[in-house]
Each structure stands twice: as structure tokens, then as C-alpha cells.
$ cat upload-v5.tsv   # TSV, C-alpha atoms and all ligand atoms
chain	number	residue	atom	x	y	z
A	27	THR	CA	64.83	9.35	-18.81
A	28	ILE	CA	65.14	6.31	-16.61
A	29	ALA	CA	65.22	6.97	-12.88
A	30	PHE	CA	68.28	4.77	-12.43
A	31	PHE	CA	70.45	7.27	-14.28
A	32	GLN	CA	69.36	10.32	-12.26
A	33	PRO	CA	72.17	11.88	-10.23
A	34	LYS	CA	71.65	11.46	-6.46
A	35	HIS	CA	71.49	15.19	-5.69
A	36	LEU	CA	69.59	14.69	-2.42
A	37	ALA	CA	71.23	11.55	-1.03
A	38	GLY	CA	70.68	11.34	2.73
A	39	LYS	CA	68.26	14.30	2.80
A	40	ARG	CA	64.75	14.09	4.25
A	41	VAL	CA	62.16	15.87	2.14
A	42	LEU	CA	58.60	16.71	3.16
A	43	LEU	CA	56.09	17.84	0.53
A	44	THR	CA	52.46	18.89	0.29
A	45	ALA	CA	50.49	18.29	-2.91
A	46	GLY	CA	47.01	18.47	-4.35
A	47	PRO	CA	44.06	20.61	-3.33
A	48	THR	CA	42.39	20.77	0.07
A	49	PHE	CA	38.68	20.17	0.66
A	50	GLU	CA	36.89	22.31	3.21
A	51	ALA	CA	33.54	20.86	4.26
A	52	ILE	CA	30.37	22.95	4.13
A	53	ASP	CA	28.20	20.01	5.16
A	54	PRO	CA	28.60	16.19	4.84
A	55	VAL	CA	28.14	16.28	1.07
A	56	ARG	CA	29.53	19.66	-0.01
A	57	GLY	CA	32.69	21.64	0.27
A	58	ILE	CA	35.04	24.31	-1.04
A	59	THR	CA	38.14	23.24	-2.90
A	60	ASN	CA	40.83	24.46	-5.28
A	61	ARG	CA	41.65	23.29	-8.78
A	62	SER	CA	44.73	21.12	-8.50
A	63	SER	CA	45.38	17.67	-9.93
A	64	GLY	CA	48.38	17.10	-7.64
A	65	ARG	CA	50.52	16.14	-10.62
A	66	MET	CA	53.29	18.70	-10.03
A	67	GLY	CA	53.61	17.80	-6.36
A	68	TYR	CA	53.63	14.07	-7.11
A	69	ALA	CA	56.23	14.59	-9.85
A	70	LEU	CA	58.41	16.46	-7.35
A	71	ALA	CA	58.01	13.74	-4.73
A	72	ARG	CA	59.13	11.20	-7.34
A	73	ALA	CA	62.05	13.36	-8.46
A	74	CYS	CA	63.20	13.82	-4.84
A	75	ARG	CA	63.05	10.06	-4.33
A	76	GLU	CA	65.03	9.45	-7.53
A	77	ALA	CA	67.59	11.94	-6.20
A	78	GLY	CA	68.13	9.73	-3.16
A	79	ALA	CA	65.99	11.54	-0.58
A	80	GLU	CA	63.76	10.00	2.07
A	81	VAL	CA	60.40	11.43	1.01
A	82	THR	CA	57.16	12.07	2.92
A	83	LEU	CA	54.24	13.37	0.88
A	84	VAL	CA	51.27	14.95	2.63
A	85	SER	CA	48.54	14.69	0.04
A	86	GLY	CA	45.18	16.35	-0.40
A	87	PRO	CA	42.39	14.48	-2.24
A	88	VAL	CA	43.78	13.44	-5.65
A	89	THR	CA	43.36	10.46	-7.95
A	90	LEU	CA	47.08	9.73	-8.32
A	91	ALA	CA	49.01	6.67	-7.17
A	92	ARG	CA	51.62	6.94	-4.43
A	93	PRO	CA	55.03	7.37	-6.07
A	94	HIS	CA	57.33	4.39	-5.58
A	95	GLY	CA	59.35	4.51	-2.36
A	96	VAL	CA	57.49	7.56	-1.01
A	97	VAL	CA	55.62	7.65	2.33
A	98	ARG	CA	52.20	9.19	1.70
A	99	ILE	CA	50.00	10.73	4.39
A	100	ASP	CA	46.46	11.66	3.36
A	101	ALA	CA	45.11	14.98	4.62
A	102	ASP	CA	41.88	16.28	3.13
A	103	SER	CA	41.46	19.68	4.75
A	104	ALA	CA	43.90	22.53	5.33
A	105	LEU	CA	43.73	21.88	9.08
A	106	ALA	CA	44.55	18.18	8.60
A	107	MET	CA	47.40	19.08	6.22
A	108	HIS	CA	48.69	21.65	8.72
A	109	GLU	CA	48.73	19.06	11.51
A	110	ALA	CA	50.46	16.39	9.41
A	111	VAL	CA	53.12	18.85	8.21
A	112	LEU	CA	53.85	20.25	11.66
A	113	ASN	CA	54.22	16.69	13.00
A	114	HIS	CA	57.02	16.09	10.48
A	115	ALA	CA	58.57	19.50	9.80
A	116	ALA	CA	61.18	19.34	12.57
A	117	GLN	CA	62.60	16.08	11.14
A	118	CYS	CA	63.10	17.25	7.55
A	119	ASP	CA	65.89	19.03	5.70
A	120	VAL	CA	63.72	20.34	2.87
A	121	PHE	CA	60.04	21.31	2.81
A	122	ILE	CA	58.34	21.79	-0.56
A	123	ALA	CA	54.82	23.24	-0.40
A	124	VAL	CA	53.10	22.43	-3.68
A	125	ALA	CA	49.55	22.03	-2.36
A	126	ALA	CA	46.84	24.43	-3.41
A	127	VAL	CA	45.64	25.03	0.12
A	128	ALA	CA	42.23	26.71	0.47
A	129	ASP	CA	42.84	30.10	2.07
A	130	TYR	CA	39.47	29.97	3.91
A	131	ARG	CA	37.18	27.29	5.33
A	132	PRO	CA	33.54	27.38	6.43
A	133	GLN	CA	33.57	28.55	10.04
A	134	ALA	CA	31.05	25.95	11.25
A	135	PRO	CA	30.42	23.04	8.87
A	136	ALA	CA	26.82	21.79	9.17
A	137	GLU	CA	26.44	18.37	10.79
A	138	HIS	CA	23.62	17.43	8.41
A	139	LYS	CA	23.02	18.13	4.75
A	140	ILE	CA	21.80	21.68	4.26
A	141	LYS	CA	18.35	21.57	2.66
A	142	LYS	CA	17.27	23.86	-0.13
A	143	LYS	CA	15.17	26.74	1.15
A	144	GLY	CA	13.61	29.87	-0.31
A	145	SER	CA	16.76	31.97	-0.29
A	146	PRO	CA	20.42	31.04	-0.84
A	147	PRO	CA	22.39	30.46	2.38
A	148	THR	CA	25.30	32.59	3.48
A	149	ILE	CA	28.41	30.59	4.41
A	150	ALA	CA	30.65	32.30	6.96
A	151	LEU	CA	34.35	31.66	6.30
A	152	THR	CA	37.41	31.77	8.50
A	153	GLU	CA	41.08	31.88	7.50
A	154	ASN	CA	43.20	28.73	7.30
A	155	PRO	CA	46.75	28.64	8.69
A	156	ASP	CA	49.50	29.42	6.18
A	157	ILE	CA	51.39	26.12	6.42
A	158	LEU	CA	54.43	27.24	4.44
A	159	ALA	CA	54.84	30.55	6.30
A	160	GLU	CA	54.57	28.70	9.62
A	161	VAL	CA	57.22	26.13	8.72
A	162	ALA	CA	59.51	28.89	7.41
A	163	ALA	CA	59.14	30.69	10.76
A	164	LEU	CA	60.22	27.67	12.87
A	165	PRO	CA	63.33	28.30	15.02
A	166	GLN	CA	65.43	25.97	12.83
A	167	PRO	CA	63.45	25.81	9.62
A	168	PRO	CA	64.11	23.29	6.86
A	169	PHE	CA	65.06	24.69	3.44
A	170	CYS	CA	61.62	25.91	2.33
A	171	VAL	CA	60.35	25.93	-1.24
A	172	GLY	CA	57.01	27.48	-2.20
A	173	PHE	CA	54.89	27.45	-5.33
A	174	ALA	CA	53.13	30.50	-6.70
A	175	ALA	CA	50.36	29.78	-9.15
A	176	GLU	CA	49.39	33.12	-10.59
A	177	SER	CA	47.04	34.17	-13.35
A	178	GLN	CA	48.91	37.42	-14.08
A	179	ALA	CA	52.12	39.41	-13.33
A	180	LEU	CA	53.99	36.22	-12.42
A	181	GLY	CA	57.38	37.87	-11.83
A	182	GLU	CA	56.17	40.49	-9.37
A	183	ASN	CA	53.67	38.30	-7.53
A	184	ALA	CA	56.06	35.39	-7.10
A	185	GLU	CA	59.00	37.45	-5.81
A	186	VAL	CA	56.77	39.43	-3.43
A	187	LYS	CA	55.37	36.15	-2.12
A	188	ARG	CA	58.85	34.68	-1.65
A	189	GLN	CA	59.92	37.63	0.48
A	190	ARG	CA	56.64	37.81	2.43
A	191	LYS	CA	56.88	34.14	3.38
A	192	GLY	CA	60.60	34.43	4.14
A	193	ILE	CA	61.66	31.51	1.96
A	194	PRO	CA	64.80	31.00	-0.17
A	195	LEU	CA	63.05	29.64	-3.28
A	196	ILE	CA	59.67	29.98	-4.94
A	197	VAL	CA	58.55	28.26	-8.12
A	198	GLY	CA	56.23	30.38	-10.21
A	199	ASN	CA	53.86	29.24	-12.89
A	200	LEU	CA	51.09	30.82	-14.91
A	201	VAL	CA	47.99	28.75	-14.21
A	202	GLN	CA	46.60	29.13	-17.73
A	203	GLU	CA	49.65	27.27	-19.03
A	204	SER	CA	49.84	24.32	-16.68
A	205	MET	CA	46.44	23.72	-15.08
A	206	GLY	CA	45.41	20.11	-15.58
A	207	SER	CA	48.12	19.58	-18.17
A	208	ASP	CA	51.08	17.24	-18.15
A	209	ALA	CA	53.35	20.08	-19.24
A	210	ALA	CA	54.11	23.40	-17.59
A	211	THR	CA	56.21	26.55	-17.84
A	212	LEU	CA	57.99	27.35	-14.59
A	213	THR	CA	60.24	30.15	-13.44
A	214	LEU	CA	62.36	29.83	-10.30
A	215	PHE	CA	62.84	32.88	-8.06
A	216	ASP	CA	65.62	32.95	-5.49
A	217	GLU	CA	67.96	35.52	-3.96
A	218	HIS	CA	70.05	35.51	-7.14
A	219	GLY	CA	67.12	36.41	-9.39
A	220	ARG	CA	64.82	34.62	-11.80
A	221	HIS	CA	65.58	31.42	-13.66
A	222	PRO	CA	63.09	30.41	-16.37
A	223	LEU	CA	62.98	26.66	-17.08
A	224	PRO	CA	62.31	25.29	-20.54
A	225	THR	CA	58.64	24.33	-21.03
A	226	GLY	CA	58.31	20.60	-20.58
A	227	ALA	CA	56.71	17.60	-18.92
A	228	LYS	CA	56.11	17.98	-15.18
A	229	ILE	CA	58.52	15.16	-14.29
A	230	ASP	CA	61.35	16.79	-16.27
A	231	LEU	CA	60.60	20.16	-14.66
A	232	ALA	CA	60.53	18.48	-11.26
A	233	ARG	CA	64.04	17.09	-11.86
A	234	HIS	CA	65.23	20.62	-12.77
A	235	VAL	CA	63.73	22.01	-9.58
A	236	VAL	CA	65.38	19.27	-7.50
A	237	ALA	CA	68.78	20.00	-9.07
A	238	HIS	CA	68.31	23.71	-8.31
A	239	ILE	CA	67.35	22.98	-4.69
A	240	ALA	CA	70.46	20.79	-4.34
A	241	THR	CA	72.68	23.63	-5.63
A	242	LEU	CA	71.17	26.13	-3.17
A	243	LEU	CA	71.52	23.60	-0.32
A	244	GLU	CA	75.21	23.22	-1.08
A	245	ASP	CA	75.72	27.00	-0.99
A	246	ARG	CA	74.19	27.26	2.49
B	1	LIG	N1	50.41	27.75	1.21
B	1	LIG	C1	50.36	27.04	2.39
B	1	LIG	N2	49.29	27.21	3.24
B	1	LIG	C2	48.29	28.05	2.92
B	1	LIG	C3	48.33	28.78	1.71
B	1	LIG	C4	49.41	28.60	0.87
B	1	LIG	O1	51.27	26.27	2.70
B	1	LIG	N3	47.27	28.19	3.76
B	1	LIG	C5	51.59	27.58	0.33
B	1	LIG	C6	51.27	26.92	-0.99
B	1	LIG	O2	51.43	25.52	-0.90
B	1	LIG	C7	52.32	27.54	-1.92
B	1	LIG	C8	52.52	28.93	-1.34
B	1	LIG	O3	52.06	28.86	0.01
B	1	LIG	O4	53.55	26.89	-1.83
B	1	LIG	C9	51.84	30.02	-2.07
B	1	LIG	O5	50.45	29.77	-2.13
B	1	LIG	P1	49.51	30.88	-2.76
B	1	LIG	O6	48.08	30.47	-2.63
B	1	LIG	O7	50.03	31.20	-4.12
B	1	LIG	O8	49.84	32.11	-1.81
B	1	LIG	P2	49.01	32.90	-0.76
B	1	LIG	O9	49.98	33.40	0.25
B	1	LIG	O10	47.87	32.10	-0.24
B	1	LIG	O11	48.49	34.15	-1.61
B	1	LIG	P3	47.26	34.32	-2.66
B	1	LIG	O12	46.39	33.09	-2.62
B	1	LIG	O13	46.57	35.56	-2.20
B	1	LIG	O14	47.91	34.52	-4.01
B	2	CA	CA	46.26	31.13	-1.53
$ encode --input "upload-v5.tsv" --output "C-alpha cells" --more "lines below"
Ligand code: CTP
Ligand code: CA
Amino acid sequence: TIAFFQPKHLAGKRVLLTAGPTFEAIDPVRGITNRSSGRMGYALARACREAGAEVTLVSGPVTLARPHGVVRIDADSALAMHEAVLNHAAQCDVFIAVAAVADYRPQAPAEHKIKKKGSPPTIALTENPDILAEVAALPQPPFCVGFAAESQALGENAEVKRQRKGIPLIVGNLVQESMGSDAATLTLFDEHGRHPLPTGAKIDLARHVVAHIATLLEDR
């Protein structure tokens, strides 16, 4: 489909997204990360833009180009992503958290490269902030959308997560089906129930998700 013919579901709305993995330094040359190409988040940023929104994309380390007309802010670590999001969250109507944020980071990254010794090192971890849950708990939160990448029991895990984070919409996907691929199978979970989307290319799925968000925004 050509972008020009997309309906302007989000005209005048400001959308903030996170996408990609985060990278949590262990030392200057090593780190902990998550598997995420960023493709779903970038597709959503593009679909929001096509739908007429003003789009800011806070991006972890990925090899993708900035979508046309989108403001991109680079944030490598969960803490950097957290700061960038909280700087913009109050000025947005919709927040879509697609990033695969590392749940933990090394407590004290080494200043210099850790040298190999006789025995393997132990790396102490500390918990990262839950960016989505924090934005959802703001006094006047934007319309918050989460992603749940699960490897099993998608329905239960995604709906439990939606309620725990206090958000109106969560997009569930089975990682085996979409990891690193250009296609995915997604199911939307909202207060009305579950809505499976037809398996397809990430950009087409992204346009479905945007249309669904627009419908829920209208009902508010
Ligand atoms: N998320 C976030 N900040 C974090 C962790 C997750 O903003 N520190 C967001 C993700 O971008 C996603 C949603 O929360 O939209 C769900 O992420 P997920 O990792 O599936 O959920 P967790 O609550 O971390 O639970 P778990 O990893 O145990 O499944
Ligand atoms: Ca997690």
C-alpha cells in the first residue's frame, strides 16, 4: 500500500514510541542486551506518521534508518531510554512501548576492560526502571500501549501484563513466530477482549494496530 492513501487516523496526535533492544554495559567492550531488531517499533513509528501523527521515536541500538518525518532520539541503555521518555511523556497523547528493555543492568560497570583470570567473574545486577509502568502511572497519562513478547501461554501472560501495568492495550506476539522476521502474528488485548490480527508483514500489522488505537482513543 502507498502511504499517501492511508487514512489519517491520528491527525493532530503526538505519539511517543520506544523501539529496539537496550544495551547494558558490563565494561567498555561488553554488555547485556536483548534480541530485538527494532523492526516492529520502526514500522509502528512509520504507520503513526502515515496516520498524521507527530512522532518521536526513542530508539535503542539498531541498524535501521530513521523513518521519514519521524524525530529519532538515540538511547542505548534502559536508563538513557527512561530519561528520554520521561522528558517527552507529558507532551504526548499516545505512548507505545515496543522496546525490548533489559530488565536488569550490571550494578557497577567496570571502567576498564575486565581481563581474563583463573575463574569466571560474577556480575552483580540491579533492576532497571519499568518505563511503561511509570508512564502509565503519571497523573495524566497518555494512552499507553505495551508489547508482550512471550515464548508460551501468550493469552494469559499478555492479559496479566496489561492489567499489572495498568494500560488499556497490549500487543502480544509469540517470539518464535516473529523474531528477526519481516512477518509476525499479533493478538491485541484490551478491555473488550482479544483481537487476533491476520499474520502479515510488520508494516501492515503496524497499520492495523494504529487503526485499533485510533478506535480506542475515540471511545475515551
Ligand atoms: N517495558 C518497559 N520498561 C522495562 C521493561 C518493559 O517499558 N524496564 C515495556 C516493554 O517495552 C513492553 C512491556 O513493557 O511494552 C512489556 O515488556 P516485557 O518484558 O514483556 O514485560 P515485563 O514486565 O518486563 O515482564 P517479563 O520480562 O517478566 O515477561
Ligand atoms: Ca522484561
$ closest_residue --input "upload-v5.tsv" --among "A:Gly86, A:Arg72, A:Gly219, A:Ile193" --to "Ala163 of chain A" --atoms "all atoms listed in the file"
A:Ile193
$ closest_residue --input "upload-v5.tsv" --among "A:Gln166, A:Glu203, A:Pro47, A:Ile229" --to "Pro93 of chain A" --atoms "all atoms listed in the file"
A:Ile229
$ residues_around --input "upload-v5.tsv" --residues "Ala45 of chain A" --least-positions-apart "6" --cutoff "12 Å" --atoms "only C-alpha atoms" --output "ChimeraX atom specification"
/A:60-71,82-90,92,98-104,107,111,121-127,172-173
$ closest_residue --input "upload-v5.tsv" --among "A:Leu195, A:Val171, A:Ala227, A:Val81" --to "Val96 of chain A" --atoms "only C-alpha atoms"
A:Val81
$ residues_near_ligand --input "upload-v5.tsv" --ligand "ligand CA 2 (chain B)" --cutoff "9 Å" --atoms "only C-alpha atoms and all ligand atoms" --output "list of chain:residue names"
A:Ala126, A:Val127, A:Ala128, A:Asp129, A:Tyr130, A:Asp156, A:Ala174, A:Ala175
$ closest_residue --input "upload-v5.tsv" --among "A:Gly46, A:Gly144, A:Pro168, A:Gly78" --to "ligand LIG 1 (chain B)" --atoms "all atoms listed in the file"
A:Gly46
$ closest_residue --input "upload-v5.tsv" --among "A:Ala136, A:Leu43, A:Ile157, A:Leu223" --to "ligand LIG 1 (chain B)" --atoms "only C-alpha atoms and all ligand atoms"
A:Ile157
$ atom_distance --input "upload-v5.tsv" --atom1 "atom CA of Thr44 of chain A" --atom2 "atom CA of Leu200 of chain A"
19.4 Å
$ closest_residue --input "upload-v5.tsv" --among "A:Ala159, A:Ala210, A:Leu164, A:Ala232" --to "ligand LIG 1 (chain B)" --atoms "all atoms listed in the file"
A:Ala159
$ axis_aligned_box --input "upload-v5.tsv" --around "ligand LIG 1 (chain B)" --padding-each-side "6 Å" --output "lines of an AutoDock Vina configuration file"
center_x = 50.0
center_y = 30.5
center_z = -0.2
size_x = 19.2
size_y = 22.0
size_z = 19.9
$ residues_around --input "upload-v5.tsv" --residues "Leu243 of chain A" --least-positions-apart "6" --cutoff "12 Å" --atoms "all atoms listed in the file" --output "JSON, numbers by chain"
{"A": [35, 36, 39, 119, 120, 168, 169, 170, 171, 194, 195, 236, 237]}
$ decode --input "upload-v5.tsv" --residues "segment 90-194 of chain A" --atoms "C-alpha atoms" --output "JSON list (two decimals), in the first residue's frame"
[["chain", "number", "residue", "atom", "x", "y", "z"],
["A", 90, "LEU", "CA", 17.55, 0.69, 10.82],
["A", 91, "ALA", "CA", 17.13, 4.07, 9.13],
["A", 92, "ARG", "CA", 15.03, 6.79, 10.74],
["A", 93, "PRO", "CA", 11.52, 6.61, 9.28],
["A", 94, "HIS", "CA", 10.62, 9.61, 7.12],
["A", 95, "GLY", "CA", 9.20, 12.54, 9.07],
["A", 96, "VAL", "CA", 9.92, 10.97, 12.47],
["A", 97, "VAL", "CA", 12.06, 12.58, 15.20],
["A", 98, "ARG", "CA", 14.50, 9.96, 16.46],
["A", 99, "ILE", "CA", 16.30, 10.12, 19.80],
["A", 100, "ASP", "CA", 19.03, 7.53, 20.38],
["A", 101, "ALA", "CA", 19.17, 5.91, 23.81],
["A", 102, "ASP", "CA", 21.41, 2.89, 24.28],
["A", 103, "SER", "CA", 20.72, 1.81, 27.84],
["A", 104, "ALA", "CA", 17.49, 1.38, 29.78],
["A", 105, "LEU", "CA", 18.42, 4.36, 31.97],
["A", 106, "ALA", "CA", 19.03, 6.56, 28.91],
["A", 107, "MET", "CA", 15.74, 5.38, 27.36],
["A", 108, "HIS", "CA", 13.94, 6.05, 30.64],
["A", 109, "GLU", "CA", 15.28, 9.61, 30.77],
["A", 110, "ALA", "CA", 14.43, 10.39, 27.14],
["A", 111, "VAL", "CA", 10.89, 9.01, 27.53],
["A", 112, "LEU", "CA", 10.17, 10.86, 30.77],
["A", 113, "ASN", "CA", 11.40, 14.10, 29.15],
["A", 114, "HIS", "CA", 8.71, 13.72, 26.46],
["A", 115, "ALA", "CA", 5.90, 11.73, 28.08],
["A", 116, "ALA", "CA", 3.97, 14.73, 29.42],
["A", 117, "GLN", "CA", 3.72, 16.22, 25.89],
["A", 118, "CYS", "CA", 2.31, 13.17, 24.12],
["A", 119, "ASP", "CA", -1.19, 11.79, 23.56],
["A", 120, "VAL", "CA", -0.11, 8.21, 22.90],
["A", 121, "PHE", "CA", 2.87, 6.23, 24.22],
["A", 122, "ILE", "CA", 3.75, 2.94, 22.52],
["A", 123, "ALA", "CA", 6.43, 0.89, 24.29],
["A", 124, "VAL", "CA", 7.85, -1.56, 21.77],
["A", 125, "ALA", "CA", 11.43, -1.67, 23.06],
["A", 126, "ALA", "CA", 12.84, -4.87, 24.49],
["A", 127, "VAL", "CA", 14.20, -3.18, 27.59],
["A", 128, "ALA", "CA", 16.71, -5.19, 29.62],
["A", 129, "ASP", "CA", 15.09, -5.91, 32.98],
["A", 130, "TYR", "CA", 18.47, -5.76, 34.78],
["A", 131, "ARG", "CA", 21.80, -3.97, 34.33],
["A", 132, "PRO", "CA", 25.24, -4.57, 35.82],
["A", 133, "GLN", "CA", 25.28, -2.73, 39.14],
["A", 134, "ALA", "CA", 28.74, -1.21, 38.64],
["A", 135, "PRO", "CA", 30.10, -1.35, 35.08],
["A", 136, "ALA", "CA", 33.90, -1.69, 35.07],
["A", 137, "GLU", "CA", 35.79, 1.39, 33.89],
["A", 138, "HIS", "CA", 38.39, -0.75, 32.10],
["A", 139, "LYS", "CA", 38.15, -3.97, 30.16],
["A", 140, "ILE", "CA", 37.83, -6.92, 32.51],
["A", 141, "LYS", "CA", 40.80, -9.25, 31.96],
["A", 142, "LYS", "CA", 40.50, -13.00, 31.82],
["A", 143, "LYS", "CA", 41.50, -14.61, 35.09],
["A", 144, "GLY", "CA", 41.52, -18.11, 36.54],
["A", 145, "SER", "CA", 37.84, -18.23, 37.43],
["A", 146, "PRO", "CA", 34.78, -16.71, 35.74],
["A", 147, "PRO", "CA", 33.66, -13.37, 37.21],
["A", 148, "THR", "CA", 30.34, -12.83, 38.92],
["A", 149, "ILE", "CA", 28.41, -9.82, 37.60],
["A", 150, "ALA", "CA", 26.07, -8.24, 40.14],
["A", 151, "LEU", "CA", 22.84, -6.97, 38.56],
["A", 152, "THR", "CA", 20.32, -4.37, 39.60],
["A", 153, "GLU", "CA", 16.78, -3.80, 38.31],
["A", 154, "ASN", "CA", 16.03, -1.26, 35.59],
["A", 155, "PRO", "CA", 13.02, 1.08, 35.85],
["A", 156, "ASP", "CA", 9.85, -0.16, 34.13],
["A", 157, "ILE", "CA", 9.43, 2.70, 31.66],
["A", 158, "LEU", "CA", 5.95, 1.74, 30.51],
["A", 159, "ALA", "CA", 4.56, 1.19, 34.02],
["A", 160, "GLU", "CA", 5.99, 4.55, 35.10],
["A", 161, "VAL", "CA", 4.43, 6.45, 32.19],
["A", 162, "ALA", "CA", 1.10, 4.68, 32.78],
["A", 163, "ALA", "CA", 1.22, 5.81, 36.43],
["A", 164, "LEU", "CA", 1.69, 9.53, 35.59],
["A", 165, "PRO", "CA", -1.08, 11.80, 36.96],
["A", 166, "GLN", "CA", -2.42, 12.44, 33.43],
["A", 167, "PRO", "CA", -1.01, 9.55, 31.45],
["A", 168, "PRO", "CA", -1.03, 9.37, 27.66],
["A", 169, "PHE", "CA", -2.92, 6.46, 26.08],
["A", 170, "CYS", "CA", -0.41, 3.68, 26.79],
["A", 171, "VAL", "CA", 0.24, 0.68, 24.56],
["A", 172, "GLY", "CA", 2.55, -2.15, 25.58],
["A", 173, "PHE", "CA", 4.05, -5.11, 23.78],
["A", 174, "ALA", "CA", 4.29, -8.58, 25.27],
["A", 175, "ALA", "CA", 6.76, -10.88, 23.58],
["A", 176, "GLU", "CA", 6.16, -14.28, 25.08],
["A", 177, "SER", "CA", 7.51, -17.73, 24.33],
["A", 178, "GLN", "CA", 4.45, -19.53, 25.73],
["A", 179, "ALA", "CA", 0.87, -19.04, 27.05],
["A", 180, "LEU", "CA", 0.51, -15.78, 25.12],
["A", 181, "GLY", "CA", -3.13, -15.12, 26.06],
["A", 182, "GLU", "CA", -2.68, -15.42, 29.81],
["A", 183, "ASN", "CA", 0.70, -13.71, 30.02],
["A", 184, "ALA", "CA", -0.31, -10.76, 27.86],
["A", 185, "GLU", "CA", -3.60, -10.03, 29.65],
["A", 186, "VAL", "CA", -1.98, -10.38, 33.09],
["A", 187, "LYS", "CA", 0.74, -7.97, 31.98],
["A", 188, "ARG", "CA", -1.81, -5.47, 30.63],
["A", 189, "GLN", "CA", -3.61, -5.37, 33.97],
["A", 190, "ARG", "CA", -0.41, -5.30, 36.06],
["A", 191, "LYS", "CA", 0.91, -2.31, 34.11],
["A", 192, "GLY", "CA", -2.48, -0.60, 34.17],
["A", 193, "ILE", "CA", -2.65, 0.03, 30.42],
["A", 194, "PRO", "CA", -5.61, -0.02, 28.01]]
